$ cat coords_0.txt   # compact mmCIF, C-alpha atoms
# COMPACT_ATOMS: atom_id res chain seq x y z
CA MET A 982 0.00 0.00 0.00
CA ARG A 983 1.06 3.56 -0.71
CA TYR A 984 0.26 6.62 1.36
CA LEU A 985 -0.63 10.01 -0.08
CA ASN A 986 -1.11 12.71 2.56
CA ASP A 987 -2.39 10.18 5.13
CA LEU A 988 -4.74 8.66 2.52
CA VAL A 989 -4.31 4.95 1.96
CA ILE A 990 -4.36 4.00 -1.72
CA PRO A 991 -4.19 0.26 -2.33
CA HIS A 992 -2.22 -1.15 -5.25
CA ALA A 993 -5.53 -2.00 -6.94
CA VAL A 994 -5.89 1.61 -8.14
CA GLU A 995 -3.06 3.84 -9.30
CA LEU A 996 -3.19 7.63 -9.02
CA LYS A 997 -2.71 7.90 -12.79
CA ASP A 998 -5.83 5.74 -13.21
CA ILE A 999 -7.85 8.10 -11.02
CA LYS A 1000 -6.59 11.07 -13.06
CA ALA A 1001 -7.60 9.25 -16.26
CA ILE A 1002 -11.07 8.64 -14.83
CA ILE A 1003 -11.39 12.35 -13.99
CA ASP A 1004 -10.38 13.23 -17.58
CA LEU A 1005 -12.99 10.81 -18.93
CA MET A 1006 -15.63 12.38 -16.67
CA ARG A 1007 -14.79 15.82 -18.07
CA LYS A 1008 -14.78 14.66 -21.71
CA ASN A 1009 -18.08 12.78 -21.41
CA ASP A 1010 -19.80 15.33 -19.15
CA LEU A 1011 -20.36 12.81 -16.35
CA SER A 1012 -21.27 14.13 -12.93
CA VAL A 1013 -20.86 10.93 -10.86
CA PHE A 1014 -18.49 7.97 -11.13
CA GLU A 1015 -18.31 4.99 -8.77
CA MET A 1016 -16.12 1.89 -8.82
CA GLU A 1017 -15.02 -0.87 -6.48
CA LYS A 1018 -11.94 -3.02 -6.99
CA ASP A 1019 -10.31 -5.44 -4.56
CA GLY A 1020 -12.11 -3.92 -1.57
CA PHE A 1021 -11.26 -0.35 -2.60
CA ARG A 1022 -14.27 1.85 -3.30
CA LEU A 1023 -13.97 5.12 -5.22
CA LYS A 1024 -16.75 7.66 -5.74
CA LEU A 1025 -16.17 10.89 -7.69
CA GLN A 1026 -18.79 13.63 -7.91
CA LYS A 1027 -18.40 16.75 -10.00
CA GLY A 1028 -19.58 20.09 -8.71
CA ILE A 1029 -20.48 19.03 -5.19
CA SER A 1030 -18.51 20.44 -2.30
CA GLU A 1031 -18.70 19.07 1.21
CA GLN A 1032 -17.30 22.28 2.65
CA PRO A 1033 -19.90 24.77 3.84
CA MET A 1034 -20.15 27.80 1.62
CA SER A 1035 -19.32 31.04 3.31
CA MET A 1036 -21.49 33.99 2.52
CA ALA A 1037 -20.42 37.59 2.50
CA PRO A 1038 -22.10 39.65 5.20
CA ALA A 1039 -25.05 41.63 3.94
CA GLN A 1040 -24.34 45.29 3.44
CA THR A 1041 -26.86 47.64 4.91
CA ALA A 1042 -27.83 50.92 3.35
CA PRO A 1043 -27.25 54.00 5.47
CA ALA A 1044 -30.33 55.09 7.36
CA VAL A 1045 -32.11 58.08 5.86
CA GLN A 1046 -33.72 60.44 8.27
CA ASN A 1047 -36.50 62.59 6.94
CA GLY A 1048 -37.53 65.79 8.58
CA PRO A 1049 -40.97 66.11 10.11
CA ALA A 1050 -43.78 66.09 7.59
CA ILE A 1051 -45.67 69.32 7.28
CA ALA A 1052 -49.37 68.74 7.53
CA GLY A 1053 -51.35 70.52 4.84
CA PRO A 1054 -55.05 70.87 4.45
CA ALA A 1055 -56.81 67.52 4.39
CA GLN A 1056 -57.67 66.31 0.90
CA PRO A 1057 -60.95 64.51 0.46
CA VAL A 1058 -60.41 60.89 -0.45
CA SER A 1059 -62.26 59.87 -3.58
CA ALA A 1060 -64.21 56.65 -3.56
CA PRO A 1061 -62.34 53.78 -5.21
CA ALA A 1062 -63.35 53.06 -8.79
CA GLU A 1063 -65.61 50.10 -9.36
CA THR A 1064 -63.29 47.13 -10.04
CA SER A 1065 -65.68 44.19 -9.83
CA HIS A 1066 -65.35 43.62 -13.58
CA LEU A 1067 -61.54 43.25 -13.31
CA ARG A 1068 -59.81 39.90 -12.80
CA ASP A 1069 -56.30 39.11 -11.61
CA ILE A 1070 -53.99 37.32 -14.03
CA VAL A 1071 -51.50 35.27 -12.03
CA SER A 1072 -48.30 33.87 -13.52
CA PRO A 1073 -47.82 30.13 -12.97
CA MET A 1074 -44.12 30.74 -12.29
CA VAL A 1075 -41.75 33.18 -10.64
CA GLY A 1076 -39.44 35.15 -12.89
CA THR A 1077 -38.67 38.48 -14.51
CA PHE A 1078 -41.72 40.31 -15.91
CA TYR A 1079 -41.57 41.83 -19.41
CA ARG A 1080 -44.48 43.99 -20.54
CA ALA A 1081 -43.28 43.96 -24.18
CA ALA A 1082 -41.27 41.64 -26.42
CA SER A 1083 -38.40 44.16 -26.59
CA PRO A 1084 -37.65 47.58 -25.11
CA ASP A 1085 -38.75 49.39 -28.28
CA ALA A 1086 -41.83 47.19 -28.96
CA PRO A 1087 -45.33 48.18 -27.86
CA ALA A 1088 -46.76 46.59 -24.71
CA PHE A 1089 -48.62 43.31 -25.17
CA VAL A 1090 -51.69 44.77 -23.43
CA ASP A 1091 -52.52 48.27 -22.23
CA VAL A 1092 -54.30 48.94 -18.95
CA GLY A 1093 -58.06 48.84 -19.43
CA LYS A 1094 -57.94 46.88 -22.70
CA GLU A 1095 -60.25 43.89 -22.99
CA VAL A 1096 -58.55 40.52 -23.45
CA THR A 1097 -59.57 37.00 -24.45
CA GLU A 1098 -58.32 33.70 -23.08
CA GLU A 1099 -55.63 33.52 -25.79
CA THR A 1100 -54.31 37.09 -25.42
CA VAL A 1101 -50.62 37.18 -24.45
CA VAL A 1102 -50.35 39.70 -21.62
CA CYS A 1103 -46.64 39.47 -20.80
CA ILE A 1104 -43.47 37.40 -20.91
CA ILE A 1105 -41.97 35.84 -17.77
CA GLU A 1106 -38.29 34.92 -17.98
CA ALA A 1107 -37.54 31.94 -15.75
CA MET A 1108 -34.19 30.12 -15.86
CA LYS A 1109 -33.21 31.83 -19.13
CA VAL A 1110 -36.43 30.66 -20.84
CA MET A 1111 -38.97 33.21 -22.10
CA ASN A 1112 -42.53 32.09 -21.29
CA GLU A 1113 -45.56 33.83 -22.81
CA ILE A 1114 -48.32 34.27 -20.25
CA LYS A 1115 -51.87 34.24 -21.62
CA ALA A 1116 -54.84 35.90 -19.93
CA GLU A 1117 -56.81 32.63 -19.62
CA THR A 1118 -59.88 34.72 -18.80
CA LYS A 1119 -62.13 37.30 -20.46

$ encode --input "coords_0.txt" --output "structure tokens"
Amino acid sequence: MRYLNDLVIPHAVELKDIKAIIDLMRKNDLSVFEMEKDGFRLKLQKGISEQPMSMAPAQTAPAVQNGPAIAGPAQPVSAPAETSHLRDIVSPMVGTFYRAASPDAPAFVDVGKEVTEETVVCIIEAMKVMNEIKAETK
């Protein structure tokens, strides 16, 4: 048996063989390799670290102190507009919301416009995939 930094490596597996296996894993895009030979078991996993990841401490923004608000004359509050005819359109996924196909393109839908079930109302980008979201309601 040979010793490498207090690690026992039996004669059944040479270090050059392990390096060759690692090269094969890279070339063939393998993420896990396991073998057992003469009582020696080897498991290689790509991209998995057993060491805990350290995170940078969160930076806090400086506190902003506003002066006292000056009370003006009370404004009458208007009654909320009737919204019973409106329906919420909820995305089936979490992602980045795009109102238009590109920055210089018109919006898919304008506020107050009537839509059908097949009307595309926005694009949600999730995991680098652009997903058209349809109204699914009238």

$ residues_around --input "coords_0.txt" --residues "Phe1089 of chain A" --least-positions-apart "4" --cutoff "8 Å" --atoms "only C-alpha atoms" --output "list in words"
Arg1080, Ala1081, Ala1082, Val1101, Val1102 and Cys1103 of chain A

$ write_last_selection --input "coords_0.txt" --atoms "C-alpha atoms" --output "mmCIF file, in the coordinates of the input"
data_model
loop_
_atom_site.group_PDB
_atom_site.id
_atom_site.type_symbol
_atom_site.label_atom_id
_atom_site.label_comp_id
_atom_site.auth_asym_id
_atom_site.auth_seq_id
_atom_site.Cartn_x
_atom_site.Cartn_y
_atom_site.Cartn_z
ATOM 1 C CA ARG A 1080 -44.480 43.990 -20.540
ATOM 2 C CA ALA A 1081 -43.280 43.960 -24.180
ATOM 3 C CA ALA A 1082 -41.270 41.640 -26.420
ATOM 4 C CA VAL A 1101 -50.620 37.180 -24.450
ATOM 5 C CA VAL A 1102 -50.350 39.700 -21.620
ATOM 6 C CA CYS A 1103 -46.640 39.470 -20.800
#

$ atom_distance --input "coords_0.txt" --atom1 "atom CA of Leu1011 of chain A" --atom2 "atom CA of Asp998 of chain A"
16.5 Å

$ atom_distance --input "coords_0.txt" --atom1 "atom CA of Ser1012 of chain A" --atom2 "atom CA of Glu1106 of chain A"
27.3 Å

$ axis_aligned_box --input "coords_0.txt" --around "segment 1007-1020 of chain A" --padding-each-side "8 Å" --output "AutoDock Vina command-line options"
--center_x -15.8 --center_y 5.2 --center_z -11.6 --size_x 27.0 --size_y 37.3 --size_z 36.1

$ closest_residue --input "coords_0.txt" --among "A:Ile1070, A:Val1075, A:Ile1003, A:Ala1116" --to "Val1096 of chain A" --atoms "all atoms listed in the file"
A:Ala1116

$ closest_residue --input "coords_0.txt" --among "A:Thr1097, A:His1066, A:Lys1027, A:Val1071" --to "Asp1004 of chain A" --atoms "all atoms listed in the file"
A:Lys1027

$ closest_residue --input "coords_0.txt" --among "A:Val1013, A:Leu1067, A:Val994, A:Leu1005" --to "Leu1025 of chain A" --atoms "all atoms listed in the file"
A:Val1013

$ residues_around --input "coords_0.txt" --residues "Glu1098 of chain A" --least-positions-apart "5" --cutoff "6 Å" --atoms "all atoms listed in the file" --output "PyMOL selection string"
chain A and resi 1116-1119

$ closest_residue --input "coords_0.txt" --among "A:Glu1095, A:Met1016, A:Gln1026, A:Asp1085" --to "Arg1068 of chain A" --atoms "only C-alpha atoms"
A:Glu1095

$ atom_distance --input "coords_0.txt" --atom1 "atom CA of Ser1072 of chain A" --atom2 "atom CA of Ile1114 of chain A"
6.7 Å

$ closest_residue --input "coords_0.txt" --among "A:Val1110, A:Ile1104, A:Lys1094, A:Glu1099" --to "Tyr1079 of chain A" --atoms "all atoms listed in the file"
A:Ile1104

$ closest_residue --input "coords_0.txt" --among "A:Asp1069, A:Lys997, A:Glu1017, A:Thr1077" --to "Glu1113 of chain A" --atoms "only C-alpha atoms"
A:Thr1077
